[in-house]
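Data from work-v1.cif: mmCIF, C-alpha atoms (C1' of nucleotides)
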```
data_entry
#
loop_
_atom_site.label_atom_id
_atom_site.label_comp_id
_atom_site.auth_asym_id
_atom_site.auth_seq_id
_atom_site.Cartn_x
_atom_site.Cartn_y
_atom_site.Cartn_z
CA MET A 1 8.90 -6.06 -4.47
CA LEU A 2 7.33 -9.41 -5.18
CA SER A 3 6.54 -11.53 -2.12
CA LYS A 4 8.54 -14.73 -1.74
CA LYS A 5 5.30 -16.58 -2.30
CA THR A 6 4.92 -15.08 -5.76
CA LYS A 7 8.55 -15.58 -6.65
CA TYR A 8 8.45 -19.22 -5.54
CA ALA A 9 5.21 -19.70 -7.47
CA ILE A 10 6.78 -18.39 -10.67
CA VAL A 11 9.93 -20.48 -10.21
CA ALA A 12 7.84 -23.60 -9.62
CA LEU A 13 5.67 -22.95 -12.67
CA VAL A 14 8.69 -22.38 -14.90
CA HIS A 15 10.15 -25.60 -13.51
CA LEU A 16 7.04 -27.46 -14.65
CA ALA A 17 6.98 -25.69 -18.01
CA LYS A 18 10.58 -26.67 -18.76
CA ARG A 19 9.81 -30.39 -18.60
CA ASP A 20 8.66 -31.74 -21.92
CA THR A 21 6.33 -34.33 -20.41
CA LYS A 22 3.16 -33.35 -18.62
CA ALA A 23 3.61 -36.08 -16.04
CA PRO A 24 2.94 -35.00 -12.43
CA VAL A 25 5.89 -33.85 -10.34
CA VAL A 26 5.90 -34.29 -6.56
CA ILE A 27 6.29 -31.26 -4.32
CA LYS A 28 9.53 -32.57 -2.87
CA ASP A 29 11.24 -32.74 -6.25
CA ILE A 30 10.34 -29.15 -7.10
CA ALA A 31 11.34 -27.94 -3.64
CA GLU A 32 14.73 -29.59 -3.81
CA ALA A 33 15.49 -28.69 -7.39
CA GLU A 34 14.57 -25.02 -6.92
CA HIS A 35 15.69 -24.58 -3.29
CA ILE A 36 12.25 -23.68 -1.97
CA PRO A 37 11.13 -24.63 1.60
CA GLN A 38 8.94 -27.67 1.03
CA LYS A 39 6.09 -26.95 3.44
CA PHE A 40 5.84 -23.41 2.15
CA LEU A 41 5.79 -24.60 -1.44
CA GLU A 42 3.01 -27.02 -0.48
CA ALA A 43 0.72 -24.12 0.40
CA ILE A 44 1.72 -22.23 -2.73
CA LEU A 45 1.00 -25.05 -5.14
CA LEU A 46 -2.34 -25.64 -3.47
CA GLU A 47 -3.25 -22.01 -4.01
CA LEU A 48 -2.20 -22.28 -7.65
CA LYS A 49 -4.42 -25.30 -7.98
CA ASN A 50 -7.41 -23.54 -6.44
CA ALA A 51 -6.80 -20.67 -8.85
CA GLY A 52 -7.02 -23.09 -11.77
CA THR A 53 -3.40 -22.83 -12.84
CA LEU A 54 -2.28 -26.25 -11.69
CA SER A 55 -3.90 -29.64 -11.38
CA SER A 56 -2.89 -32.42 -9.02
CA ARG A 57 -3.14 -36.14 -8.51
CA LYS A 58 -2.84 -37.88 -5.17
CA GLY A 59 -1.17 -41.16 -4.31
CA LYS A 60 1.71 -42.94 -6.00
CA GLY A 61 2.66 -41.47 -9.36
CA GLY A 62 0.82 -38.33 -8.38
CA GLY A 63 2.01 -34.77 -8.01
CA TYR A 64 1.31 -31.42 -9.64
CA TYR A 65 1.15 -30.57 -13.32
CA LEU A 66 0.17 -27.55 -15.40
CA HIS A 67 -3.57 -27.32 -15.97
CA LYS A 68 -3.15 -25.07 -18.99
CA SER A 69 -0.44 -24.91 -21.64
CA PRO A 70 2.67 -22.79 -20.98
CA GLN A 71 1.46 -20.31 -23.62
CA GLU A 72 -1.71 -19.68 -21.66
CA ILE A 73 -0.15 -19.02 -18.25
CA ASN A 74 1.26 -15.52 -17.82
CA LEU A 75 2.90 -13.66 -14.97
CA ALA A 76 0.14 -11.06 -14.68
CA ASP A 77 -2.32 -13.75 -13.67
CA VAL A 78 0.10 -15.46 -11.30
CA MET A 79 1.03 -12.23 -9.56
CA ARG A 80 -2.62 -11.33 -9.09
CA ILE A 81 -3.28 -14.63 -7.30
CA PHE A 82 -0.76 -13.92 -4.55
CA ASP A 83 -0.03 -10.21 -4.44
CA GLY A 84 -3.39 -8.89 -5.59
CA PRO A 85 -3.80 -6.10 -8.13
CA ILE A 86 -0.91 -5.04 -10.34
CA ALA A 87 -1.83 -1.37 -10.28
CA LEU A 88 -0.08 0.71 -7.62
CA LEU A 89 -3.15 2.71 -6.62
CA PRO A 90 -6.57 1.33 -5.64
CA CYS A 91 -8.28 3.90 -7.87
CA VAL A 92 -6.46 2.49 -10.91
CA THR A 93 -7.31 -1.20 -10.62
CA HIS A 94 -10.10 -2.78 -12.60
CA THR A 95 -11.30 -5.60 -10.39
CA TYR A 96 -10.34 -4.23 -6.97
CA TYR A 97 -11.29 -0.61 -7.60
CA GLU A 98 -11.52 1.62 -4.57
CA ARG A 99 -11.75 5.37 -4.38
CA CYS A 100 -8.94 7.23 -2.61
CA ASP A 101 -10.19 8.80 0.63
CA GLU A 102 -8.20 11.94 0.14
CA CYS A 103 -9.04 12.42 -3.54
CA LYS A 104 -10.98 15.50 -4.53
CA ASP A 105 -11.74 14.81 -8.17
CA GLU A 106 -10.70 11.53 -9.68
CA ALA A 107 -11.46 12.58 -13.24
CA THR A 108 -8.88 15.36 -13.13
CA CYS A 109 -6.25 13.71 -10.90
CA GLY A 110 -2.83 13.95 -12.51
CA ILE A 111 -1.37 11.38 -10.14
CA ARG A 112 -3.99 8.85 -11.12
CA ASP A 113 -3.25 9.63 -14.78
CA VAL A 114 0.41 8.66 -14.33
CA PHE A 115 -0.43 5.43 -12.56
CA MET A 116 -2.99 4.47 -15.17
CA GLU A 117 -0.28 4.79 -17.80
CA LEU A 118 2.09 2.76 -15.64
CA ARG A 119 -0.48 0.06 -15.04
CA ALA A 120 -1.16 -0.31 -18.75
CA ALA A 121 2.54 -0.65 -19.54
CA THR A 122 3.08 -3.14 -16.73
CA VAL A 123 0.13 -5.34 -17.60
CA ASP A 124 1.24 -5.34 -21.23
CA ILE A 125 4.68 -6.69 -20.35
CA LEU A 126 3.41 -9.21 -17.81
CA LYS A 127 0.67 -10.56 -20.06
CA ARG A 128 3.23 -11.25 -22.75
CA ALA A 129 5.45 -12.95 -20.18
CA THR A 130 3.99 -16.45 -20.48
CA LEU A 131 5.74 -19.52 -19.15
CA ALA A 132 6.53 -20.44 -22.74
CA SER A 133 8.12 -17.05 -23.40
CA ILE A 134 10.20 -17.32 -20.24
CA VAL A 135 11.55 -20.67 -21.35
CA ASN A 136 12.33 -19.11 -24.72
CA ARG A 137 14.15 -16.26 -23.04
CA GLU A 138 16.32 -18.75 -21.18
CA MET A 139 17.24 -20.51 -24.40
CA ALA A 140 18.08 -17.20 -26.03
CA LEU A 141 20.27 -16.20 -23.09
CA ILE A 142 22.11 -19.51 -23.20
CA ASN A 143 22.73 -19.18 -26.93
CA LYS A 144 24.00 -15.67 -26.41
CA LEU A 145 26.50 -16.91 -23.84
CA LEU A 146 27.65 -19.76 -26.06
CA GLN A 147 28.31 -17.48 -29.03
CA ARG A 148 30.98 -15.54 -27.16
CA MET B 149 0.54 -1.15 -4.14
CA LEU B 150 2.06 2.11 -3.01
CA SER B 151 2.19 2.62 0.75
CA LYS B 152 -0.02 5.38 2.13
CA LYS B 153 3.17 7.16 3.07
CA THR B 154 4.27 7.36 -0.54
CA LYS B 155 0.84 8.34 -1.77
CA TYR B 156 0.54 11.10 0.85
CA ALA B 157 4.03 12.28 -0.03
CA ILE B 158 3.16 12.58 -3.71
CA VAL B 159 -0.12 14.34 -2.96
CA ALA B 160 1.65 16.81 -0.66
CA LEU B 161 4.36 17.50 -3.22
CA VAL B 162 1.85 18.10 -5.98
CA HIS B 163 -0.02 20.41 -3.61
CA LEU B 164 3.14 22.47 -3.20
CA ALA B 165 3.91 22.39 -6.92
CA LYS B 166 0.47 23.72 -7.82
CA ARG B 167 1.00 26.95 -5.88
CA ASP B 168 2.66 29.60 -7.97
CA THR B 169 4.53 31.16 -5.06
CA LYS B 170 7.37 29.38 -3.30
CA ALA B 171 6.30 30.71 0.09
CA PRO B 172 6.34 28.11 2.89
CA VAL B 173 3.13 26.25 3.66
CA VAL B 174 2.41 24.95 7.15
CA ILE B 175 1.77 21.24 7.67
CA LYS B 176 -1.74 21.87 8.93
CA ASP B 177 -2.80 23.60 5.71
CA ILE B 178 -1.57 20.75 3.54
CA ALA B 179 -3.12 18.14 5.82
CA GLU B 180 -6.52 19.82 5.78
CA ALA B 181 -6.55 20.63 2.09
CA GLU B 182 -5.54 17.13 1.05
CA HIS B 183 -7.28 15.14 3.79
CA ILE B 184 -4.11 13.63 5.21
CA PRO B 185 -3.71 12.81 8.96
CA GLN B 186 -1.63 15.71 10.21
CA LYS B 187 0.74 13.89 12.56
CA PHE B 188 1.45 11.30 9.90
CA LEU B 189 2.10 13.98 7.31
CA GLU B 190 4.49 15.59 9.77
CA ALA B 191 6.78 12.56 9.66
CA ILE B 192 6.47 12.30 5.89
CA LEU B 193 7.46 15.88 5.19
CA LEU B 194 10.40 15.54 7.53
CA GLU B 195 11.59 12.51 5.60
CA LEU B 196 11.20 14.42 2.34
CA LYS B 197 13.28 17.19 3.81
CA ASN B 198 16.03 14.82 4.94
CA ALA B 199 16.03 13.36 1.43
CA GLY B 200 16.64 16.84 0.00
CA THR B 201 13.30 17.20 -1.74
CA LEU B 202 11.80 19.77 0.61
CA SER B 203 13.14 22.63 2.69
CA SER B 204 11.57 24.07 5.82
CA ARG B 205 11.55 27.13 8.02
CA LYS B 206 10.52 27.14 11.67
CA GLY B 207 8.55 29.76 13.54
CA LYS B 208 6.00 32.28 12.32
CA GLY B 209 5.77 32.52 8.56
CA GLY B 210 7.53 29.18 8.36
CA GLY B 211 6.47 25.88 6.85
CA TYR B 212 7.61 23.59 4.04
CA TYR B 213 8.49 24.47 0.46
CA LEU B 214 10.01 22.67 -2.53
CA HIS B 215 13.78 22.58 -2.43
CA LYS B 216 14.07 21.91 -6.16
CA SER B 217 11.89 23.03 -9.07
CA PRO B 218 8.84 20.96 -10.02
CA GLN B 219 10.64 19.88 -13.21
CA GLU B 220 13.42 18.33 -11.18
CA ILE B 221 11.30 16.26 -8.79
CA ASN B 222 10.02 12.98 -10.23
CA LEU B 223 7.99 10.10 -8.87
CA ALA B 224 10.76 7.54 -9.26
CA ASP B 225 12.88 9.40 -6.71
CA VAL B 226 9.97 9.98 -4.33
CA MET B 227 8.91 6.35 -4.41
CA ARG B 228 12.47 5.20 -3.73
CA ILE B 229 12.62 7.35 -0.59
CA PHE B 230 9.69 5.59 1.04
CA ASP B 231 9.14 2.22 -0.62
CA GLY B 232 12.73 1.43 -1.60
CA PRO B 233 13.68 0.00 -4.98
CA ILE B 234 11.29 0.15 -7.91
CA ALA B 235 12.33 -3.21 -9.31
CA LEU B 236 10.22 -6.18 -8.22
CA LEU B 237 13.13 -8.56 -7.66
CA PRO B 238 16.25 -7.90 -5.58
CA CYS B 239 18.44 -9.30 -8.37
CA VAL B 240 17.17 -6.61 -10.73
CA THR B 241 17.80 -3.46 -8.71
CA HIS B 242 20.84 -1.29 -9.25
CA THR B 243 21.49 0.18 -5.83
CA TYR B 244 20.01 -2.53 -3.62
CA TYR B 245 21.19 -5.53 -5.60
CA GLU B 246 20.96 -8.89 -3.90
CA ARG B 247 21.29 -12.35 -5.34
CA CYS B 248 18.26 -14.67 -5.10
CA ASP B 249 18.95 -17.58 -2.73
CA GLU B 250 17.22 -20.08 -4.90
CA CYS B 251 18.71 -18.91 -8.23
CA LYS B 252 20.91 -21.32 -10.11
CA ASP B 253 22.32 -19.12 -12.87
CA GLU B 254 21.45 -15.47 -12.91
CA ALA B 255 22.89 -14.88 -16.37
CA THR B 256 20.44 -17.27 -17.99
CA CYS B 257 17.40 -16.67 -15.78
CA GLY B 258 14.34 -16.00 -17.91
CA ILE B 259 12.36 -14.68 -14.95
CA ARG B 260 15.02 -12.10 -14.21
CA ASP B 261 15.00 -11.15 -17.89
CA VAL B 262 11.28 -10.30 -17.73
CA PHE B 263 11.65 -8.24 -14.58
CA MET B 264 14.61 -6.32 -15.98
CA GLU B 265 12.45 -5.32 -18.93
CA LEU B 266 9.64 -4.36 -16.56
CA ARG B 267 11.93 -2.33 -14.36
CA ALA B 268 13.28 -0.37 -17.33
CA ALA B 269 9.78 0.47 -18.57
CA THR B 270 8.62 1.47 -15.09
CA VAL B 271 11.58 3.69 -14.34
CA ASP B 272 11.16 5.34 -17.72
CA ILE B 273 7.56 6.31 -17.00
CA LEU B 274 8.20 7.38 -13.42
CA LYS B 275 11.26 9.48 -14.29
CA ARG B 276 9.19 11.40 -16.82
CA ALA B 277 6.45 11.89 -14.22
CA THR B 278 7.78 15.09 -12.65
CA LEU B 279 5.66 17.33 -10.45
CA ALA B 280 5.51 19.76 -13.34
CA SER B 281 4.23 17.10 -15.71
CA ILE B 282 1.61 16.00 -13.20
CA VAL B 283 0.30 19.56 -12.93
CA ASN B 284 0.24 19.69 -16.73
CA ARG B 285 -1.72 16.45 -16.86
CA GLU B 286 -4.31 17.92 -14.52
CA MET B 287 -4.71 20.97 -16.73
CA ALA B 288 -5.06 18.76 -19.78
CA LEU B 289 -7.71 16.65 -18.05
CA ILE B 290 -9.66 19.74 -17.02
CA ASN B 291 -9.57 21.11 -20.57
CA LYS B 292 -10.74 17.78 -21.92
CA LEU B 293 -13.72 17.84 -19.57
CA LEU B 294 -14.58 21.43 -20.46
CA GLN B 295 -14.59 20.73 -24.18
CA ARG B 296 -17.45 18.28 -23.91
"C1'" DT C 297 -4.35 -52.57 3.29
"C1'" DT C 298 -0.41 -50.07 2.92
"C1'" DA C 299 2.53 -46.56 1.10
"C1'" DT C 300 2.24 -42.42 -1.22
"C1'" DT C 301 0.93 -37.85 -1.92
"C1'" DC C 302 -1.86 -34.00 -1.76
"C1'" DC C 303 -4.94 -31.34 1.46
"C1'" DC C 304 -6.34 -28.74 5.59
"C1'" DT C 305 -6.00 -26.19 10.02
"C1'" DA C 306 -3.52 -23.94 13.33
"C1'" DT C 307 0.20 -21.47 15.12
"C1'" DT C 308 4.46 -18.94 15.58
"C1'" DG C 309 7.86 -15.21 15.29
"C1'" DG C 310 9.08 -11.41 13.03
"C1'" DT C 311 8.45 -7.31 10.39
"C1'" DT C 312 6.02 -3.46 8.46
"C1'" DA C 313 2.21 -0.10 8.01
"C1'" DT C 314 -0.38 3.42 9.92
"C1'" DA C 315 -0.81 6.15 12.75
"C1'" DT C 316 -1.09 9.13 17.79
"C1'" DA C 317 0.83 11.65 21.97
"C1'" DG C 318 3.81 14.57 24.14
"C1'" DA C 319 8.00 17.07 24.79
"C1'" DT C 320 11.64 19.91 22.63
"C1'" DT C 321 13.96 23.17 19.65
"C1'" DA C 322 14.24 26.96 16.50
"C1'" DT C 323 12.38 31.33 14.70
"C1'" DG C 324 10.09 35.75 13.94
"C1'" DT C 325 7.79 39.55 16.15
"C1'" DA C 326 5.80 42.67 19.66
"C1'" DT D 327 12.97 39.65 26.65
"C1'" DA D 328 8.76 37.20 26.22
"C1'" DC D 329 5.55 35.02 23.44
"C1'" DA D 330 3.43 32.61 19.85
"C1'" DT D 331 4.37 29.79 16.10
"C1'" DA D 332 5.85 25.83 13.73
"C1'" DA D 333 9.05 22.33 12.80
"C1'" DT D 334 11.55 18.37 15.08
"C1'" DC D 335 12.35 14.42 18.02
"C1'" DT D 336 11.14 10.37 20.85
"C1'" DA D 337 8.21 7.02 22.17
"C1'" DT D 338 4.33 4.07 21.88
"C1'" DA D 339 0.28 1.34 20.10
"C1'" DT D 340 -2.23 -1.44 17.12
"C1'" DA D 341 -3.22 -4.14 13.35
"C1'" DA D 342 -2.01 -6.50 9.48
"C1'" DC D 343 0.85 -9.30 6.85
"C1'" DC D 344 4.86 -12.36 5.65
"C1'" DA D 345 7.45 -16.51 5.86
"C1'" DA D 346 7.57 -20.60 7.58
"C1'" DT D 347 6.52 -24.90 10.43
"C1'" DA D 348 3.79 -28.69 12.61
"C1'" DG D 349 0.69 -32.34 12.58
"C1'" DG D 350 -2.73 -34.85 11.09
"C1'" DG D 351 -6.55 -36.03 7.51
"C1'" DA D 352 -8.19 -37.62 2.99
"C1'" DA D 353 -7.68 -39.54 -1.44
"C1'" DT D 354 -5.43 -42.68 -4.59
"C1'" DA D 355 -2.77 -46.48 -6.67
"C1'" DA D 356 -0.62 -50.86 -6.26
#
```
Could you write out this file's structure as structure tokens?
Amino acid sequence: MLSKKTKYAIVALVHLAKRDTKAPVVIKDIAEAEHIPQKFLEAILLELKNAGTLSSRKGKGGGYYLHKSPQEINLADVMRIFDGPIALLPCVTHTYYERCDECKDEATCGIRDVFMELRAATVDILKRATLASIVNREMALINKLLQR
Amino acid sequence: MLSKKTKYAIVALVHLAKRDTKAPVVIKDIAEAEHIPQKFLEAILLELKNAGTLSSRKGKGGGYYLHKSPQEINLADVMRIFDGPIALLPCVTHTYYERCDECKDEATCGIRDVFMELRAATVDILKRATLASIVNREMALINKLLQR
DNA sequence: TTATTCCCTATTGGTTATATAGATTATGTA
DNA sequence: TACATAATCTATATAACCAATAGGGAATAA
């Protein structure tokens, strides 16, 4: 399961992506609109800023805004910021690779083979899941509902 | 990431599947062969038994053995026993469904849409990953190494 | 210089993960 | 029956992490 942190982060990012302007939005507005505890969201947005996903401006008229375009921000990257590697086994990750203590021969491990396949499929889906594509999905779902 | 519990469970099950006989194996043998803390493995095998995956016999000549055939035991089921639902959001699971507090309209939620797609792909891979198929993968990997 | 807003540090309560220890129950065999 | 074997049950410990809150500091714009 995703941590609440990650889920809130995604919801907040989609919130920003759905606005057509790139004007900063204050934490409070996002928290209230998306029903996220404000102080908790504060820490989350800061982490997203430090990761280079968001930018911020202080003082009046300030707030947070997307640092990159919605096409360039995908869920794989966001999830990695908060929940770490996407792979389910340490021996399958790229950047956080770690050998399994109990493993006898990694090269011929059938379990590892399965989870490498799973990781590839997961990363593929999550990389394609950009903020822009999520907004598109929402529009498609709305249209689908209206047509009935 | 998988919990150690789940990883140990899978390793132990594959250990049992690789033996051609269905004779019971004592906990100690599995623990030593696979480098798993014995007392911890004890609890894990018991849980697998209660879930109907393993059977056991007490006393001399006893131990644990697969209750079903290696073709019938898949990683999706094993992972659900220990780590719960495979889906990454509560609103996407079948059996553990729960609405997201902060969600406005589930039917048009683009985030949910992504994670439904991801869940389907994941379950598909993990259902096909039976103990038998894992053993086959190992043989294939060994052959591949030998051919070089 | 004042209001606004992000930024930083610390802390809290609760849950989960990863085990270990010791006693008990069931089983096969001499 | 007695004994050794091996699973089963209960209890405990520790560490890590999650989710959230509190309070003040620092930067910025008007």
Could I get the residues of chain B with an atom no further than 7 Å from an atom of chain C, each paired with its nearest atom pair and that distance in Å to one decimal, using all atoms listed in the file, sorted by chain and residue number, as CSV?
```
residue,atom,partner,partner_atom,distance
B:Phe188,CA,C:DA315,C1',6.3
B:Lys206,CA,C:DT323,C1',5.5
B:Gly207,CA,C:DT323,C1',4.3
B:Lys208,CA,C:DG324,C1',5.6
```
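Pairwise distance (atom CA of B:Arg285, atom CA of A:Ile111) equals 8.4 Å.
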Chain B contacts to chain D at 9 Å (only C-alpha atoms (C1' of nucleotides)) as an NGL selection string | :B and (174-175 or 190 or 194 or 204-212)
Run the PyMOL selection byres ((chain A) within 9 of (chain B)) against the file shown and list the residues it catches, as a ChimeraX atom specification.
-> /A:1-3,7-8,10-11,14,34-36,84-90,101-104,107-111,113-115,117-118,121-122,125-126,129,133-142,145
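Of note, atom CA of B:His163 and atom CA of B:Leu294 are spaced 22.3 Å apart.
Picture a line from atom CA of B:Ser217 to atom CA of B:Thr201; it runs 9.5 Å.
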